[in-house]
>>> print(open('query_20.txt').read())   # compact mmCIF, C-alpha atoms
# COMPACT_ATOMS: atom_id res chain seq x y z
CA MET A 26 0.00 0.00 0.00
CA ASP A 27 1.16 3.52 -0.76
CA ALA A 28 2.67 4.92 2.45
CA VAL A 29 0.72 8.17 2.08
CA LEU A 30 -2.66 6.42 1.93
CA ALA A 31 -4.78 5.64 4.98
CA VAL A 32 -7.44 3.91 2.84
CA ARG A 33 -7.04 2.23 -0.53
CA ALA A 34 -10.12 0.53 -2.01
CA ARG A 35 -10.28 -1.01 -5.48
CA GLY A 36 -13.38 -2.47 -7.10
CA ILE A 37 -15.34 -2.83 -3.86
CA THR A 38 -18.71 -4.52 -4.28
CA LYS A 39 -21.35 -5.21 -1.67
CA CYS A 40 -24.83 -6.66 -2.16
CA PHE A 41 -27.75 -7.23 0.17
CA GLY A 42 -29.81 -9.86 -1.60
CA ASP A 43 -30.74 -8.41 -4.99
CA VAL A 44 -29.78 -4.88 -3.93
CA VAL A 45 -26.36 -3.71 -5.11
CA ALA A 46 -25.17 -1.27 -2.44
CA LEU A 47 -21.65 -0.77 -3.81
CA ASP A 48 -20.71 -1.45 -7.41
CA GLY A 49 -16.97 -1.39 -8.16
CA VAL A 50 -16.04 1.44 -5.79
CA ASP A 51 -12.50 2.86 -5.77
CA LEU A 52 -11.43 5.12 -2.90
CA ASP A 53 -8.13 6.71 -1.86
CA VAL A 54 -7.85 8.62 1.42
CA THR A 55 -4.55 10.35 2.10
CA ARG A 56 -3.08 10.26 5.60
CA GLY A 57 -3.82 13.44 7.52
CA GLN A 58 -6.64 14.37 5.14
CA ILE A 59 -10.33 15.06 5.78
CA HIS A 60 -12.12 13.24 2.97
CA GLY A 61 -15.80 13.91 2.32
CA LEU A 62 -18.27 11.26 1.22
CA VAL A 63 -21.51 12.59 -0.28
CA GLY A 64 -24.40 11.21 -2.27
CA PRO A 65 -28.18 10.93 -2.27
CA ASN A 66 -30.02 8.62 0.12
CA GLY A 67 -29.38 5.02 -0.85
CA ALA A 68 -26.16 5.81 -2.70
CA GLY A 69 -24.07 3.43 -0.55
CA LYS A 70 -22.39 5.89 1.82
CA THR A 71 -23.36 4.12 5.04
CA THR A 72 -22.37 0.75 3.60
CA LEU A 73 -18.92 2.06 2.68
CA LEU A 74 -18.43 3.61 6.12
CA GLY A 75 -19.45 0.31 7.68
CA LEU A 76 -16.75 -1.50 5.68
CA LEU A 77 -14.12 0.96 6.92
CA LEU A 78 -15.22 0.39 10.52
CA GLY A 79 -15.24 -3.40 10.21
CA LEU A 80 -19.00 -3.63 10.68
CA ALA A 81 -19.42 -5.40 7.33
CA VAL A 82 -17.22 -7.11 4.76
CA ALA A 83 -17.08 -6.58 1.02
CA ASP A 84 -18.28 -9.24 -1.40
CA GLY A 85 -15.54 -8.38 -3.87
CA GLY A 86 -12.61 -6.09 -4.50
CA ALA A 87 -9.60 -5.19 -2.37
CA LEU A 88 -9.52 -2.96 0.70
CA GLU A 89 -6.49 -1.84 2.68
CA ILE A 90 -6.74 0.32 5.81
CA LEU A 91 -3.70 1.83 7.51
CA GLY A 92 -1.48 -0.50 5.52
CA ALA A 93 -3.36 -3.67 6.51
CA PRO A 94 -5.34 -5.73 3.98
CA VAL A 95 -8.93 -6.29 5.11
CA GLY A 96 -10.11 -9.86 4.68
CA ARG A 97 -13.54 -11.47 4.39
CA ALA A 98 -14.19 -11.77 8.12
CA LEU A 99 -15.78 -9.20 10.40
CA SER A 100 -12.97 -7.50 12.29
CA ALA A 101 -12.10 -3.91 13.08
CA VAL A 102 -8.68 -2.68 12.08
CA ASP A 103 -6.58 -1.42 14.98
CA GLY A 104 -6.40 2.38 14.93
CA VAL A 105 -9.85 2.93 13.38
CA ALA A 106 -12.79 4.44 15.27
CA GLY A 107 -16.02 6.28 14.58
CA PHE A 108 -19.74 5.72 14.16
CA VAL A 109 -22.47 5.25 11.55
CA ASP A 110 -26.19 5.95 11.94
CA GLY A 111 -25.41 7.95 15.09
CA PRO A 112 -23.30 6.98 18.10
CA GLY A 113 -24.36 4.09 20.30
CA LEU A 114 -24.86 5.49 23.81
CA TYR A 115 -26.49 4.44 27.10
CA PRO A 116 -29.33 6.96 27.74
CA SER A 117 -29.56 6.22 31.48
CA LEU A 118 -25.86 6.90 32.11
CA THR A 119 -24.12 10.25 32.33
CA ALA A 120 -21.72 11.37 29.63
CA ARG A 121 -18.73 10.54 31.83
CA ARG A 122 -20.05 7.10 32.75
CA ASN A 123 -20.83 6.35 29.09
CA LEU A 124 -17.18 6.93 28.26
CA ALA A 125 -16.03 4.92 31.27
CA ALA A 126 -18.21 1.99 30.20
CA LEU A 127 -16.81 2.13 26.67
CA ALA A 128 -13.27 2.27 28.00
CA SER A 129 -13.94 -0.81 30.17
CA LEU A 130 -15.39 -2.70 27.22
CA ARG A 131 -12.11 -2.04 25.42
CA GLY A 132 -10.13 -3.40 28.37
CA ARG A 133 -8.87 -0.02 29.58
CA ASP A 134 -8.82 1.48 33.06
CA ALA A 135 -11.36 4.32 33.07
CA ARG A 136 -9.12 6.32 35.42
CA THR A 137 -6.33 6.48 32.83
CA ALA A 138 -8.37 6.37 29.61
CA GLY A 139 -8.29 10.12 29.01
CA ILE A 140 -12.01 10.64 29.59
CA GLU A 141 -11.66 14.15 31.00
CA GLU A 142 -9.45 15.16 28.10
CA VAL A 143 -11.86 14.05 25.36
CA LEU A 144 -14.85 15.58 27.17
CA ALA A 145 -13.01 18.89 27.21
CA GLU A 146 -11.95 18.43 23.60
CA VAL A 147 -15.54 18.20 22.36
CA GLY A 148 -16.84 20.87 24.75
CA LEU A 149 -18.93 18.65 27.05
CA ARG A 150 -17.04 18.88 30.33
CA ASP A 151 -19.71 21.13 31.88
CA VAL A 152 -22.42 18.49 31.27
CA ALA A 153 -20.26 15.44 31.96
CA ASP A 154 -22.45 14.36 34.90
CA ASP A 155 -25.78 14.85 33.11
CA ARG A 156 -27.68 11.81 31.87
CA VAL A 157 -27.51 11.30 28.12
CA ARG A 158 -31.29 10.86 27.81
CA GLY A 159 -31.59 14.62 28.27
CA PHE A 160 -28.99 15.47 25.63
CA SER A 161 -29.91 17.15 22.37
CA LEU A 162 -29.04 15.46 19.08
CA GLY A 163 -26.01 17.72 18.69
CA MET A 164 -24.73 16.90 22.17
CA ARG A 165 -25.10 13.19 21.45
CA GLN A 166 -23.07 13.64 18.27
CA ARG A 167 -20.32 15.37 20.21
CA LEU A 168 -20.32 12.62 22.85
CA GLY A 169 -20.05 10.05 20.05
CA LEU A 170 -17.02 11.92 18.76
CA ALA A 171 -15.54 11.91 22.27
CA ALA A 172 -16.07 8.13 22.46
CA ALA A 173 -14.24 7.68 19.15
CA LEU A 174 -11.37 9.87 20.32
CA LEU A 175 -10.79 7.71 23.42
CA THR A 176 -8.77 5.31 21.27
CA ARG A 177 -6.71 8.13 19.68
CA PRO A 178 -7.45 6.68 16.23
CA ARG A 179 -5.30 7.09 13.15
CA LEU A 180 -8.44 6.84 10.98
CA LEU A 181 -11.67 8.46 12.15
CA VAL A 182 -14.89 7.48 10.33
CA LEU A 183 -17.92 9.71 11.00
CA ASP A 184 -21.48 9.65 9.71
CA GLU A 185 -23.09 13.13 9.77
CA PRO A 186 -20.88 14.41 12.63
CA ALA A 187 -22.42 17.92 12.51
CA ASN A 188 -26.02 16.64 12.58
CA GLY A 189 -28.07 18.64 15.08
CA LEU A 190 -25.25 21.01 16.02
CA ASP A 191 -25.90 24.70 16.53
CA PRO A 192 -23.42 27.14 14.91
CA SER A 193 -21.23 27.23 18.03
CA GLY A 194 -21.16 23.45 18.35
CA LYS A 195 -20.43 23.02 14.66
CA ARG A 196 -17.52 25.45 14.84
CA HIS A 197 -16.18 23.54 17.85
CA VAL A 198 -16.37 20.17 16.05
CA HIS A 199 -14.77 21.66 12.94
CA ARG A 200 -11.83 22.87 15.05
CA VAL A 201 -11.42 19.41 16.57
CA LEU A 202 -11.42 17.67 13.18
CA ASN A 203 -9.01 20.18 11.63
CA ARG A 204 -6.63 19.79 14.55
CA LEU A 205 -6.77 15.99 14.29
CA ALA A 206 -5.97 16.16 10.56
CA ALA A 207 -3.11 18.58 11.21
CA ASP A 208 -1.71 16.06 13.71
CA GLY A 209 -1.83 13.29 11.09
CA THR A 210 -5.19 11.61 11.73
CA SER A 211 -7.15 10.72 8.59
CA VAL A 212 -10.87 11.51 8.66
CA VAL A 213 -13.61 10.15 6.42
CA LEU A 214 -16.93 11.85 6.97
CA SER A 215 -20.31 11.53 5.34
CA SER A 216 -22.60 14.54 5.28
CA HIS A 217 -25.64 15.92 3.51
CA ARG A 218 -24.46 19.42 4.43
CA MET A 219 -22.44 20.67 1.48
CA ASP A 220 -21.25 23.71 3.44
CA ASP A 221 -19.68 21.42 6.06
CA VAL A 222 -17.96 19.34 3.38
CA GLU A 223 -16.63 22.46 1.64
CA ALA A 224 -15.41 23.94 4.93
CA LEU A 225 -13.62 20.79 6.11
CA CYS A 226 -12.62 18.57 3.20
CA SER A 227 -9.75 18.85 0.76
CA GLU A 228 -11.04 15.94 -1.32
CA VAL A 229 -14.46 14.44 -1.85
CA THR A 230 -16.01 11.29 -3.27
CA ILE A 231 -19.51 11.50 -4.72
CA LEU A 232 -21.54 8.28 -4.86
CA ALA A 233 -24.69 7.63 -6.85
CA THR A 234 -26.50 4.27 -7.00
CA GLY A 235 -23.47 2.55 -5.46
CA ARG A 236 -20.96 3.92 -7.97
CA VAL A 237 -18.31 6.62 -7.75
CA VAL A 238 -19.25 9.49 -10.08
CA PHE A 239 -16.43 11.75 -8.90
CA SER A 240 -13.44 11.48 -6.58
CA GLY A 241 -10.77 14.12 -6.21
CA PRO A 242 -9.93 17.62 -4.97
CA LEU A 243 -12.76 20.05 -4.39
CA THR A 244 -10.93 22.52 -6.61
CA GLU A 245 -11.69 20.33 -9.63
CA LEU A 246 -15.42 20.73 -8.97
CA ALA A 247 -15.02 24.49 -8.77
CA SER A 248 -13.23 24.75 -12.09
CA GLU A 249 -13.85 27.62 -14.44
CA ASN A 250 -15.65 25.26 -16.83
CA SER A 251 -18.70 25.14 -14.54
CA GLU A 252 -21.44 27.65 -15.24
CA LEU A 253 -23.22 28.68 -12.04
CA GLU A 254 -25.87 31.09 -10.88
CA TYR A 255 -24.72 33.94 -8.64
CA ARG A 256 -26.48 36.43 -6.37
CA LEU A 257 -25.23 39.96 -6.99
CA LEU A 258 -26.07 42.70 -4.49
CA THR A 259 -24.93 46.21 -5.43
CA SER A 260 -25.53 49.84 -4.52
CA ASP A 261 -27.29 50.42 -7.86
CA PRO A 262 -29.34 47.36 -8.92
CA GLU A 263 -30.75 48.91 -12.11
CA ALA A 264 -27.33 49.94 -13.43
CA ALA A 265 -25.91 46.53 -12.51
CA ARG A 266 -28.74 44.84 -14.42
CA ARG A 267 -27.96 46.89 -17.56
CA LEU A 268 -24.26 46.03 -17.29
CA ALA A 269 -25.06 42.34 -16.83
CA ALA A 270 -27.35 42.32 -19.87
CA GLY A 271 -24.56 43.87 -21.95
CA THR A 272 -21.75 41.53 -20.82
CA ASP A 273 -20.93 38.62 -23.13
CA GLY A 274 -21.40 35.26 -21.44
CA VAL A 275 -23.61 36.64 -18.66
CA ARG A 276 -27.34 35.93 -18.55
CA VAL A 277 -29.76 37.63 -16.18
CA VAL A 278 -31.75 34.73 -14.73
CA ALA A 279 -34.21 36.30 -12.33
CA ASP A 280 -34.70 38.78 -9.56
CA GLY A 281 -33.36 37.43 -6.31
CA GLY A 282 -35.76 39.36 -4.11
CA THR A 283 -34.35 41.83 -1.61
CA ARG A 284 -31.68 41.74 1.04
CA TYR A 285 -31.10 44.46 3.61
CA GLY A 286 -33.73 46.40 1.67
CA ASP A 287 -31.80 46.28 -1.63
CA GLU A 288 -32.68 44.37 -4.79
CA VAL A 289 -30.66 41.20 -5.47
CA LEU A 290 -29.81 40.30 -9.06
CA VAL A 291 -29.30 36.65 -10.10
CA VAL A 292 -27.02 36.01 -13.08
CA ARG A 293 -25.69 32.84 -14.70
CA ALA A 294 -22.14 32.77 -16.05
CA LEU A 295 -18.78 31.06 -16.25
CA VAL A 296 -16.13 32.48 -13.92
CA PRO A 297 -14.30 34.50 -16.64
CA ALA A 298 -17.55 36.18 -17.75
CA LEU A 299 -18.46 36.89 -14.13
CA ASP A 300 -15.06 38.51 -13.64
CA ARG A 301 -15.71 40.80 -16.58
CA LEU A 302 -19.07 41.81 -15.15
CA VAL A 303 -17.61 42.60 -11.71
CA SER A 304 -14.86 44.69 -13.34
CA SER A 305 -17.50 46.65 -15.28
CA VAL A 306 -19.56 47.24 -12.15
CA VAL A 307 -16.57 48.51 -10.18
CA ARG A 308 -15.40 50.78 -13.03
CA SER A 309 -18.90 52.30 -13.02
CA ASP A 310 -18.46 53.30 -9.35
CA ILE A 311 -21.10 50.80 -8.23
CA ALA A 312 -20.37 49.13 -4.89
CA VAL A 313 -20.49 45.33 -4.81
CA ARG A 314 -21.96 44.40 -1.44
CA GLU A 315 -22.34 40.69 -1.99
CA LEU A 316 -21.41 38.14 -4.66
CA ALA A 317 -22.09 34.49 -3.93
CA PRO A 318 -23.18 31.38 -5.81
CA VAL A 319 -26.86 30.52 -5.42
CA VAL A 320 -25.78 26.89 -5.24
CA SER A 321 -22.21 26.06 -4.21
CA PRO A 322 -19.87 24.47 -6.78
CA LEU A 323 -19.95 21.23 -4.79
CA GLU A 324 -23.74 21.14 -4.63
CA ALA A 325 -24.04 22.00 -8.33
CA ALA A 326 -21.61 19.21 -9.25
CA PHE A 327 -23.37 16.83 -6.85
CA LEU A 328 -26.74 17.45 -8.50
CA ALA A 329 -25.39 17.22 -12.05
CA LEU A 330 -23.29 14.09 -11.50
CA THR A 331 -25.87 12.14 -9.51
CA GLU A 332 -28.66 12.98 -11.98
CA ARG A 333 -26.42 11.90 -14.86
CA GLN A 334 -25.69 8.58 -13.13
CA GLU A 335 -29.37 7.96 -12.43
CA GLN A 336 -30.21 8.65 -16.09
CA GLN A 337 -27.47 6.25 -17.19
CA ASP A 338 -28.78 3.54 -14.86
CA GLN A 339 -32.30 4.01 -16.20
CA ARG A 340 -31.02 3.79 -19.78
CA GLU A 341 -29.13 0.59 -19.00
CA GLN A 342 -32.23 -0.91 -17.39
CA ARG A 343 -34.34 -0.08 -20.45
CA GLU A 344 -31.74 -1.58 -22.78
CA GLN A 345 -31.56 -4.73 -20.66
CA HIS A 346 -35.35 -4.97 -20.65
CA GLU A 347 -35.42 -4.63 -24.45
CA ARG A 348 -32.76 -7.34 -24.83
CA ASN A 349 -34.78 -9.65 -22.58
CA GLU A 350 -37.94 -9.03 -24.63
CA ARG A 351 -36.11 -9.84 -27.89
CA ARG A 352 -34.61 -12.99 -26.37
CA GLU A 353 -37.90 -14.45 -25.13
CA PRO A 354 -39.54 -15.03 -28.57
CA GLN A 355 -36.29 -16.52 -29.89
CA GLU A 356 -36.10 -18.98 -26.97
CA ALA A 357 -39.79 -19.84 -27.33
CA GLY A 358 -39.30 -20.76 -31.01
CA ARG A 359 -36.52 -23.27 -30.38
>>> encode(input="query_20.txt", output="structure tokens")
Amino acid sequence: MDAVLAVRARGITKCFGDVVALDGVDLDVTRGQIHGLVGPNGAGKTTLLGLLLGLAVADGGALEILGAPVGRALSAVDGVAGFVDGPGLYPSLTARRNLAALASLRGRDARTAGIEEVLAEVGLRDVADDRVRGFSLGMRQRLGLAAALLTRPRLLVLDEPANGLDPSGKRHVHRVLNRLAADGTSVVLSSHRMDDVEALCSEVTILATGRVVFSGPLTELASENSELEYRLLTSDPEAARRLAAGTDGVRVVADGGTRYGDEVLVVRALVPALDRLVSSVVRSDIAVRELAPVVSPLEAAFLALTERQEQQDQREQREQHERNERREPQEAGR
């Protein structure tokens, strides 16, 4: 295995009866990197995370984690921790006693397991003696992260780690994950929140119907070849609209309503054309107060790639159905 890779998967397949959850999935996760895993519901994200955590085994393909080949038996790789479908916690126990119980299950002395340190790390020390049944969803997520950190993992696998977090809690968790990556821990996280993925991840894998439709740096998804819609808020909306209408490659899509009492213009353009428009606006002494994509580059790519994969799957199903219909009369006539 490449020494710089924490995860190397090639041609991973996994089926549940007639349902193909993963269909020839390749995945590379660099050591010390936060790698995002996104896709629509049913795309195979949870199944892939489960394979990384040793909760399931692949039917085919090759998987190596932290330099160790993963076989066909259920077993967690040493140095890997995390959770899928939410952390498993004891509602009747306090946060501190939950962590102590988990430490004991792993054969560790709760007094030396680092419980106080991880509680402080995730910002739960003040509620350490409160019962978990009274915790909010976001607090449970943070306690699940604390439980994973007890083992000081080299690979951290998280399913929707920011689910239920308020802005302060999310910022806290982001700081923890960034620090872990800076210290060399690899993180694979699944999220439906594109803003979280864009804020945290240097690379992303997009799954659709069990297949990889993109895997690579986020910068590739934000290339200048992607036409996007942008909100443009200026000090003179009417003049900005005239300039937009007269700029090659820029199309005025719709009014974006108002913001702070000012009219918002929505335009669609490639990055170079947008740059020309902004230059024209500034040269006309019009203040640009806000310029932002209506849909982020990641979300736009996600929608386009997953829809394309779904259309391809539907086309393949129709073609297979047509082949089966042609074959049946031929077989009947033999």
>>> closest_residue(input="query_20.txt", among="A:Phe108, A:Phe41, A:Phe327, A:Tyr255", to="Ala173 (chain A)", atoms="all atoms listed in the file")
A:Phe108
>>> atom_distance(input="query_20.txt", atom1="CA of Ala153 (chain A)", atom2="CA of Arg122 (chain A)")
8.4 Å
>>> atom_distance(input="query_20.txt", atom1="CA of Gly241 (chain A)", atom2="CA of Ala326 (chain A)")
12.4 Å
>>> closest_residue(input="query_20.txt", among="A:Val313, A:Leu88, A:Val238, A:Leu149", to="Ala172 (chain A)", atoms="only C-alpha atoms")
A:Leu149
>>> atom_distance(input="query_20.txt", atom1="CA of Arg33 (chain A)", atom2="CA of Arg218 (chain A)")
25.0 Å
>>> closest_atom_pairs(input="query_20.txt", of="region 229-278 of chain A", to="region 49-66 of chain A", cutoff="7 Å", atoms="only C-alpha atoms", output="CSV")
residue,atom,partner,partner_atom,distance
A:Val229,CA,A:Gly61,CA,4.4
A:Thr230,CA,A:Leu62,CA,5.0
A:Ile231,CA,A:Val63,CA,5.0
A:Leu232,CA,A:Gly64,CA,4.8
A:Ala233,CA,A:Gly64,CA,5.8
A:Arg236,CA,A:Val50,CA,5.9
A:Val237,CA,A:Val50,CA,6.0
>>> closest_residue(input="query_20.txt", among="A:Val303, A:Val32, A:Ala269, A:Leu47", to="Leu180 (chain A)", atoms="only C-alpha atoms")
A:Val32
>>> closest_residue(input="query_20.txt", among="A:Asp300, A:Glu288, A:Leu99, A:Arg121", to="Glu142 (chain A)", atoms="only C-alpha atoms")
A:Arg121
>>> closest_residue(input="query_20.txt", among="A:Asp310, A:Asp208, A:Glu315, A:Asp184", to="Arg256 (chain A)", atoms="all atoms listed in the file")
A:Glu315
>>> residues_around(input="query_20.txt", residues="region 125-137 of chain A", least_positions_apart="4", cutoff="10 Å", atoms="all atoms listed in the file", output="JSON, numbers by chain")
{"A": [114, 115, 118, 119, 120, 121, 141, 172, 173, 175, 176]}
>>> closest_residue(input="query_20.txt", among="A:Ile311, A:Leu330, A:Glu185, A:Gln166", to="Leu246 (chain A)", atoms="only C-alpha atoms")
A:Leu330
>>> residues_around(input="query_20.txt", residues="region 260-266 of chain A", least_positions_apart="6", cutoff="9 Å", atoms="all atoms listed in the file", output="PyMOL selection string")
chain A and resi 277+287-290+302+305-306+309+311-314
>>> residues_near_point(input="query_20.txt", point="(-9.4, 11.0, 15.9)", cutoff="7 Å", atoms="all atoms listed in the file", output="PyMOL selection string")
chain A and resi 173-174+177-181+205+210
>>> residues_around(input="query_20.txt", residues="region 319-324 of chain A", least_positions_apart="6", cutoff="10 Å", atoms="only C-alpha atoms", output="mmCIF file with C-alpha atoms, in the frame of the given file")
data_model
loop_
_atom_site.group_PDB
_atom_site.id
_atom_site.type_symbol
_atom_site.label_atom_id
_atom_site.label_comp_id
_atom_site.auth_asym_id
_atom_site.auth_seq_id
_atom_site.Cartn_x
_atom_site.Cartn_y
_atom_site.Cartn_z
ATOM 1 C CA VAL A 63 -21.510 12.590 -0.280
ATOM 2 C CA HIS A 217 -25.640 15.920 3.510
ATOM 3 C CA ARG A 218 -24.460 19.420 4.430
ATOM 4 C CA MET A 219 -22.440 20.670 1.480
ATOM 5 C CA ASP A 220 -21.250 23.710 3.440
ATOM 6 C CA VAL A 222 -17.960 19.340 3.380
ATOM 7 C CA GLU A 223 -16.630 22.460 1.640
ATOM 8 C CA VAL A 229 -14.460 14.440 -1.850
ATOM 9 C CA ILE A 231 -19.510 11.500 -4.720
ATOM 10 C CA LEU A 243 -12.760 20.050 -4.390
ATOM 11 C CA THR A 244 -10.930 22.520 -6.610
ATOM 12 C CA GLU A 245 -11.690 20.330 -9.630
ATOM 13 C CA LEU A 246 -15.420 20.730 -8.970
ATOM 14 C CA ALA A 247 -15.020 24.490 -8.770
ATOM 15 C CA SER A 248 -13.230 24.750 -12.090
ATOM 16 C CA SER A 251 -18.700 25.140 -14.540
ATOM 17 C CA GLU A 252 -21.440 27.650 -15.240
ATOM 18 C CA LEU A 253 -23.220 28.680 -12.040
ATOM 19 C CA GLU A 254 -25.870 31.090 -10.880
ATOM 20 C CA TYR A 255 -24.720 33.940 -8.640
ATOM 21 C CA ARG A 256 -26.480 36.430 -6.370
ATOM 22 C CA LEU A 257 -25.230 39.960 -6.990
ATOM 23 C CA GLY A 281 -33.360 37.430 -6.310
ATOM 24 C CA VAL A 291 -29.300 36.650 -10.100
ATOM 25 C CA VAL A 292 -27.020 36.010 -13.080
ATOM 26 C CA ARG A 293 -25.690 32.840 -14.700
ATOM 27 C CA LEU A 330 -23.290 14.090 -11.500
#
>>> build_atoms(input="query_20.txt", residues="region 76-89 of chain A", atoms="N, CA and C atoms", output="tab-separated table (two decimals), in the frame of the given file")
chain	number	residue	atom	x	y	z
A	76	LEU	N	-17.90	-0.68	6.07
A	76	LEU	CA	-16.75	-1.50	5.68
A	76	LEU	C	-15.47	-0.96	6.31
A	77	LEU	N	-15.32	0.37	6.34
A	77	LEU	CA	-14.12	0.96	6.92
A	77	LEU	C	-14.03	0.71	8.42
A	78	LEU	N	-15.19	0.62	9.08
A	78	LEU	CA	-15.22	0.39	10.52
A	78	LEU	C	-15.21	-1.09	10.90
A	79	GLY	N	-15.23	-1.97	9.91
A	79	GLY	CA	-15.24	-3.40	10.21
A	79	GLY	C	-16.58	-3.93	10.61
A	80	LEU	N	-17.65	-3.18	10.33
A	80	LEU	CA	-19.00	-3.63	10.68
A	80	LEU	C	-19.61	-4.52	9.60
A	81	ALA	N	-18.97	-4.56	8.45
A	81	ALA	CA	-19.42	-5.40	7.33
A	81	ALA	C	-18.19	-5.74	6.50
A	82	VAL	N	-18.33	-6.73	5.64
A	82	VAL	CA	-17.22	-7.11	4.76
A	82	VAL	C	-17.69	-7.01	3.31
A	83	ALA	N	-16.77	-6.70	2.45
A	83	ALA	CA	-17.08	-6.58	1.02
A	83	ALA	C	-17.27	-7.95	0.40
A	84	ASP	N	-18.11	-8.00	-0.65
A	84	ASP	CA	-18.28	-9.24	-1.40
A	84	ASP	C	-17.18	-9.42	-2.42
A	85	GLY	N	-16.60	-8.30	-2.87
A	85	GLY	CA	-15.54	-8.38	-3.87
A	85	GLY	C	-14.68	-7.13	-3.83
A	86	GLY	N	-13.53	-7.21	-4.48
A	86	GLY	CA	-12.61	-6.09	-4.50
A	86	GLY	C	-11.56	-6.21	-3.42
A	87	ALA	N	-10.70	-5.20	-3.33
A	87	ALA	CA	-9.60	-5.19	-2.37
A	87	ALA	C	-9.66	-3.92	-1.53
A	88	LEU	N	-9.48	-4.09	-0.22
A	88	LEU	CA	-9.52	-2.96	0.70
A	88	LEU	C	-8.33	-3.05	1.65
A	89	GLU	N	-7.60	-1.94	1.75
A	89	GLU	CA	-6.49	-1.84	2.68
A	89	GLU	C	-6.71	-0.60	3.55
